[in-house]
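Please read the structure below before turning to the comments.
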Amino acid sequence: MPTTGGTIHFERSHDGRVANLTLDHGRLNVVTMEMRALMAERFAEIDADRDIRVVVIRGDGEHFTSGGDIAGFMEVAPFDLTDLGHDITAASRSQKPVISAIDGYCFGVGLELVLSTDIRLATQRSSFALPEMKLGMMPGSGGTQRLSRLIGLSRAKYHILTGERFSAQQAFDWGLVASAPEDREGLESEVDRVVSTLLGFSAVSLRTAKEVLDRGVDGPLATGVELERKAYSMLRATEDFAEGVAAFGEKRTPQFRDR
């Protein structure tokens, strides 16, 4: 497999308010080093565009991705791999809600990518793995840290140390994915439902809630609660909250302006 090649398509939908990123590199969507860097570039463009409210990441072809370009690791200097591992998880640093729509294989760097997103949806045929141990390596793009926080340390140790796959149903039961529809048609219906829901909310409240969740979860409970209280008070001063209260009282749909 080449170090370069493949791409991440970037298209807008829903009147420009949704950014759709699609991994595209053959049937297995092998993620090259070039694609890792491109992910960071895509999110830089998305985060600079105030019109974009939600991001959806998909894989083109038969599988979301079978993982990274194995041979390509030997063509990159060890120090440079730290940046590439940082690039692929740009979704975790975006202020916008990021949804991953998973179908088929979601292995290696592909799983690390979706672990960095906010809402994960996967078809029943999807399967997950961090198989780096089989190469004499370990996950290097957040896999050890994010998986353990999401499914528990014991389960994460088992699946990282053995490289064993787990199913979409297991991922759903453990809370790793929020929904596990039967097939790709059902997956797209679920994506549309979630996107429509998010587009109906205030962007500033979504952005603030995401930040409080991400910043608070790893700190002491008292610190997280204090962060939540401060953010809650800040949102009280926004025009969107005033509009939400007014719309509730008038029994109408709020028209948020993200202020």
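Ligands are numbered from 1 in the order shown, chains are lettered A, B, ... in the order of the structure tokens, and residues start at 1 in each chain.
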
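Those residues that approach His9 (chain A) to within 12 Å, counting only C-alpha atoms, are Gly6, Thr7, Glu11, Arg12, Ala19, Asn20, Leu21, Thr22, Leu23, Asp24, His25, Met35, Leu38, Met39, Glu41, Arg42, Phe43, Val56, Ile57, Arg58, Gly59 and Asp60 of chain A; same-chain residues fewer than 2 positions away are not listed.
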
Just the residues within 10 Å of Leu161 (chain A), please, counting only C-alpha atoms, with nothing from its chain fewer than 2 positions along; format it as a PyMOL selection string. chain A and resi 130-134+138+155-159+163-164

Contacts between region 203-207 of chain A and region 86-199 of chain A, please, where a residue of region 86-199 of chain A counts if it comes within 9 Å (with only C-alpha atoms); show its shortest atom pair and distance in Å to one decimal, rows by chain and ascending number, as CSV.
```
residue,atom,partner,partner_atom,distance
A:Gln95,CA,A:Arg207,CA,5.4
A:Lys96,CA,A:Arg207,CA,6.0
A:Pro97,CA,A:Leu206,CA,7.3
A:Leu198,CA,A:Leu206,CA,8.1
A:Leu199,CA,A:Ala203,CA,8.0
```

Got time to write the residues from that selection, all heavy atoms, as an mmCIF file, in the first residue's frame?
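Generated file (result-v2.cif):
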```
data_model
loop_
_atom_site.group_PDB
_atom_site.id
_atom_site.type_symbol
_atom_site.label_atom_id
_atom_site.label_comp_id
_atom_site.auth_asym_id
_atom_site.auth_seq_id
_atom_site.Cartn_x
_atom_site.Cartn_y
_atom_site.Cartn_z
ATOM 1 N N GLN A 95 -15.277 22.525 17.338
ATOM 2 C CA GLN A 95 -16.357 23.022 18.196
ATOM 3 C C GLN A 95 -17.725 22.555 17.713
ATOM 4 O O GLN A 95 -18.715 22.707 18.428
ATOM 5 C CB GLN A 95 -16.327 24.557 18.233
ATOM 6 C CG GLN A 95 -15.119 25.129 18.938
ATOM 7 C CD GLN A 95 -15.216 26.632 19.084
ATOM 8 O OE1 GLN A 95 -15.840 27.326 18.283
ATOM 9 N NE2 GLN A 95 -14.597 27.156 20.126
ATOM 10 N N LYS A 96 -17.778 21.978 16.528
ATOM 11 C CA LYS A 96 -19.053 21.548 15.954
ATOM 12 C C LYS A 96 -19.315 20.079 16.282
ATOM 13 O O LYS A 96 -18.379 19.289 16.388
ATOM 14 C CB LYS A 96 -19.035 21.770 14.446
ATOM 15 C CG LYS A 96 -18.704 23.228 14.062
ATOM 16 C CD LYS A 96 -18.437 23.381 12.584
ATOM 17 C CE LYS A 96 -17.772 24.717 12.271
ATOM 18 N NZ LYS A 96 -18.671 25.855 12.389
ATOM 19 N N PRO A 97 -20.585 19.675 16.439
ATOM 20 C CA PRO A 97 -20.881 18.262 16.653
ATOM 21 C C PRO A 97 -20.457 17.435 15.447
ATOM 22 O O PRO A 97 -20.732 17.794 14.308
ATOM 23 C CB PRO A 97 -22.411 18.241 16.816
ATOM 24 C CG PRO A 97 -22.802 19.644 17.121
ATOM 25 C CD PRO A 97 -21.794 20.509 16.442
ATOM 26 N N LEU A 198 -30.055 18.170 15.456
ATOM 27 C CA LEU A 198 -28.995 19.111 15.818
ATOM 28 C C LEU A 198 -29.160 20.453 15.111
ATOM 29 O O LEU A 198 -28.902 21.512 15.702
ATOM 30 C CB LEU A 198 -27.630 18.509 15.495
ATOM 31 C CG LEU A 198 -27.238 17.261 16.293
ATOM 32 C CD1 LEU A 198 -25.893 16.727 15.814
ATOM 33 C CD2 LEU A 198 -27.205 17.535 17.785
ATOM 34 N N LEU A 199 -29.594 20.426 13.856
ATOM 35 C CA LEU A 199 -29.781 21.673 13.118
ATOM 36 C C LEU A 199 -30.891 22.532 13.695
ATOM 37 O O LEU A 199 -30.941 23.735 13.462
ATOM 38 C CB LEU A 199 -30.065 21.377 11.643
ATOM 39 C CG LEU A 199 -28.900 20.832 10.818
ATOM 40 C CD1 LEU A 199 -29.353 20.525 9.392
ATOM 41 C CD2 LEU A 199 -27.716 21.800 10.804
#
```

Among region 14-150 of chain A, which residues carry a DSSP assignment of alpha helix (DSSP H), reported as a PyMOL selection string? chain A and resi 33-47+78-87+109-115+143-150

Using only C-alpha atoms, determine which residues lie at most 8 Å from Leu150 (chain A), disregarding the query and same-chain residues fewer than 2 positions distant; provide the list as a CSV table (one decimal) with C-alpha atoms, in the first residue's frame.
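File produced: out-v6.csv:
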```
chain,number,residue,atom,x,y,z
A,146,ARG,CA,-10.4,7.1,24.4
A,147,LEU,CA,-11.5,3.4,24.3
A,148,SER,CA,-10.7,2.9,28.0
A,152,GLY,CA,-14.1,0.8,30.7
A,175,GLY,CA,-22.3,2.6,24.9
A,176,LEU,CA,-19.6,3.0,22.3
```

List as a tab-separated table every residue of region 85-204 of chain A that is in contact with region 243-257 of chain A, defined as an atom at most 9 Å from one of its atoms (using only C-alpha atoms), together with the nearest atom pair and the distance in Å rounded to one decimal, sorted by chain and then rising number.
```
residue	atom	partner	partner_atom	distance
A:Gly200	CA	A:Phe256	CA	8.1
A:Phe201	CA	A:Phe256	CA	7.1
A:Ser202	CA	A:Phe256	CA	5.5
A:Ala203	CA	A:Phe256	CA	8.2
```

Using DSSP on the backbone coordinates, identify the residues of region 125-189 of chain A assigned to strand (DSSP E or B); present them as a PyMOL selection string. chain A and resi 127-129+166-167+179

Given the choices A:Leu227, A:Arg259, A:Arg50, A:Ala37, which gets closest to Ala209 (chain A) if the distance is worked out from only C-alpha atoms?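 Distance minimum relative to Ala209 (chain A) lands on A:Leu227.
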
What lies within 12 Å of Phe64 (chain A) using only C-alpha atoms, ignoring chain neighbours under 4 positions off, as a ChimeraX atom specification? /A:21-31,57-60,68,100-111,113-114,121-123,125-128,184

Those residues you just picked out, can you put them in a file as a compact mmCIF listing (two decimals), in the first residue's frame with N, CA, C and O atoms?
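Output below, filename part_25.txt:
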```txt
# COMPACT_ATOMS: atom_id res chain seq x y z
N LEU A 21 -17.80 14.52 5.18
CA LEU A 21 -16.46 14.05 4.87
C LEU A 21 -16.52 12.57 4.56
O LEU A 21 -17.08 11.79 5.35
N THR A 22 -15.96 12.15 3.43
CA THR A 22 -16.02 10.76 3.00
C THR A 22 -14.64 10.22 2.71
O THR A 22 -13.93 10.73 1.83
N LEU A 23 -14.24 9.19 3.46
CA LEU A 23 -12.97 8.51 3.20
C LEU A 23 -13.09 7.75 1.89
O LEU A 23 -14.04 7.00 1.69
N ASP A 24 -12.12 7.91 1.01
CA ASP A 24 -12.20 7.27 -0.30
C ASP A 24 -10.82 6.76 -0.71
O ASP A 24 -9.96 7.51 -1.16
N HIS A 25 -10.64 5.45 -0.54
CA HIS A 25 -9.39 4.83 -0.99
C HIS A 25 -9.62 3.33 -1.19
O HIS A 25 -9.17 2.50 -0.40
N GLY A 26 -10.32 3.00 -2.23
CA GLY A 26 -10.55 1.61 -2.56
C GLY A 26 -11.61 0.94 -1.71
O GLY A 26 -12.25 1.57 -0.87
N ARG A 27 -11.79 -0.36 -1.94
CA ARG A 27 -12.85 -1.11 -1.26
C ARG A 27 -12.69 -1.09 0.26
O ARG A 27 -13.67 -1.03 1.00
N LEU A 28 -11.45 -1.13 0.73
CA LEU A 28 -11.19 -1.20 2.17
C LEU A 28 -10.91 0.16 2.79
O LEU A 28 -10.74 0.27 4.00
N ASN A 29 -10.82 1.19 1.94
CA ASN A 29 -10.56 2.54 2.43
C ASN A 29 -9.36 2.61 3.36
O ASN A 29 -9.43 3.16 4.47
N VAL A 30 -8.24 2.05 2.92
CA VAL A 30 -7.01 2.12 3.71
C VAL A 30 -6.62 3.59 3.89
O VAL A 30 -6.57 4.36 2.92
N VAL A 31 -6.34 3.98 5.11
CA VAL A 31 -6.02 5.38 5.42
C VAL A 31 -4.52 5.59 5.28
O VAL A 31 -3.72 5.06 6.05
N ILE A 57 -18.99 12.04 9.10
CA ILE A 57 -17.88 11.32 8.49
C ILE A 57 -18.36 9.93 8.08
O ILE A 57 -18.94 9.20 8.89
N ARG A 58 -18.09 9.57 6.83
CA ARG A 58 -18.48 8.26 6.28
C ARG A 58 -17.29 7.63 5.57
O ARG A 58 -16.29 8.30 5.31
N GLY A 59 -17.46 6.37 5.19
CA GLY A 59 -16.51 5.71 4.32
C GLY A 59 -17.17 5.37 3.00
O GLY A 59 -18.32 4.89 2.98
N ASP A 60 -16.49 5.62 1.90
CA ASP A 60 -17.02 5.26 0.59
C ASP A 60 -16.70 3.79 0.33
O ASP A 60 -15.70 3.27 0.78
N GLY A 68 -5.03 1.60 8.81
CA GLY A 68 -3.99 2.43 8.21
C GLY A 68 -3.13 1.71 7.19
O GLY A 68 -3.18 0.49 7.04
N SER A 100 -20.12 10.13 13.29
CA SER A 100 -19.49 9.13 12.43
C SER A 100 -20.53 8.09 12.05
O SER A 100 -21.22 7.55 12.92
N ALA A 101 -20.66 7.83 10.76
CA ALA A 101 -21.60 6.86 10.21
C ALA A 101 -20.80 5.65 9.74
O ALA A 101 -20.13 5.71 8.71
N ILE A 102 -20.86 4.56 10.48
CA ILE A 102 -19.95 3.42 10.29
C ILE A 102 -20.69 2.25 9.66
O ILE A 102 -21.76 1.86 10.14
N ASP A 103 -20.08 1.67 8.63
CA ASP A 103 -20.63 0.47 8.00
C ASP A 103 -19.47 -0.44 7.62
O ASP A 103 -18.55 -0.01 6.92
N GLY A 104 -19.49 -1.68 8.09
CA GLY A 104 -18.42 -2.61 7.76
C GLY A 104 -17.26 -2.49 8.72
O GLY A 104 -17.42 -2.20 9.90
N TYR A 105 -16.03 -2.71 8.20
CA TYR A 105 -14.85 -2.69 9.05
C TYR A 105 -14.59 -1.29 9.60
O TYR A 105 -14.68 -0.29 8.88
N CYS A 106 -14.21 -1.25 10.86
CA CYS A 106 -13.76 0.00 11.49
C CYS A 106 -12.57 -0.39 12.38
O CYS A 106 -12.72 -0.60 13.58
N PHE A 107 -11.40 -0.50 11.75
CA PHE A 107 -10.22 -1.05 12.41
C PHE A 107 -9.12 -0.01 12.56
O PHE A 107 -9.03 0.94 11.79
N GLY A 108 -8.27 -0.23 13.53
CA GLY A 108 -7.07 0.56 13.69
C GLY A 108 -7.33 2.06 13.75
O GLY A 108 -8.12 2.53 14.57
N VAL A 109 -6.66 2.79 12.87
CA VAL A 109 -6.82 4.24 12.87
C VAL A 109 -8.25 4.65 12.58
O VAL A 109 -8.70 5.73 12.99
N GLY A 110 -9.02 3.78 11.88
CA GLY A 110 -10.43 4.09 11.65
C GLY A 110 -11.22 4.14 12.94
O GLY A 110 -12.06 5.02 13.14
N LEU A 111 -10.94 3.19 13.84
CA LEU A 111 -11.61 3.22 15.14
C LEU A 111 -11.14 4.42 15.96
O LEU A 111 -11.94 5.08 16.63
N LEU A 113 -10.24 7.24 14.76
CA LEU A 113 -10.94 8.38 14.17
C LEU A 113 -12.33 8.52 14.75
O LEU A 113 -12.74 9.60 15.20
N VAL A 114 -13.11 7.44 14.76
CA VAL A 114 -14.50 7.56 15.22
C VAL A 114 -14.57 7.75 16.73
O VAL A 114 -15.51 8.37 17.23
N LEU A 121 -22.66 6.12 15.06
CA LEU A 121 -23.76 5.29 14.60
C LEU A 121 -23.17 4.20 13.72
O LEU A 121 -22.30 4.48 12.91
N ALA A 122 -23.64 2.96 13.87
CA ALA A 122 -23.03 1.85 13.12
C ALA A 122 -24.06 0.81 12.73
O ALA A 122 -24.96 0.49 13.52
N THR A 123 -23.92 0.28 11.52
CA THR A 123 -24.80 -0.80 11.08
C THR A 123 -24.48 -2.08 11.86
O THR A 123 -23.39 -2.24 12.41
N ARG A 125 -23.78 -4.92 10.74
CA ARG A 125 -22.69 -5.71 10.17
C ARG A 125 -21.32 -5.12 10.48
O ARG A 125 -20.28 -5.73 10.16
N SER A 126 -21.27 -3.99 11.12
CA SER A 126 -20.00 -3.34 11.42
C SER A 126 -19.23 -4.14 12.48
O SER A 126 -19.81 -4.80 13.33
N SER A 127 -17.91 -4.08 12.38
CA SER A 127 -17.07 -4.69 13.40
C SER A 127 -15.89 -3.77 13.68
O SER A 127 -15.48 -2.98 12.81
N PHE A 128 -15.36 -3.88 14.89
CA PHE A 128 -14.38 -2.92 15.39
C PHE A 128 -13.16 -3.67 15.93
O PHE A 128 -13.28 -4.76 16.48
N ARG A 184 -27.27 -0.22 5.80
CA ARG A 184 -26.82 1.12 5.43
C ARG A 184 -28.00 2.07 5.21
O ARG A 184 -27.91 3.25 5.53
```

Using only C-alpha atoms, find each residue of region 115-216 of chain A with at least one atom at most 8 Å away from an atom of region 81-94 of chain A; report its shortest atom-to-atom pair and that distance in Å (one decimal), sort the rows by chain and rising residue number, and return the result as a tab-separated table.
```
residue	atom	partner	partner_atom	distance
A:Ser116	CA	A:Ser92	CA	4.8
A:Thr117	CA	A:Ala91	CA	5.5
A:Asp118	CA	A:Ser92	CA	7.6
A:Gly140	CA	A:Gly85	CA	6.3
A:Ser141	CA	A:Gly85	CA	4.4
A:Gly142	CA	A:Gly85	CA	7.7
```

From A:Ala71, A:Ala44, A:Val55, A:Met137, residue lying nearest Thr4 (chain A) [only C-alpha atoms]: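 Of all the options, A:Ala71 lies closest to Thr4 (chain A).
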
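Reported to one decimal place, the separation of CA of Val217 (chain A) from CA of Val191 (chain A) is 25.5 Å.
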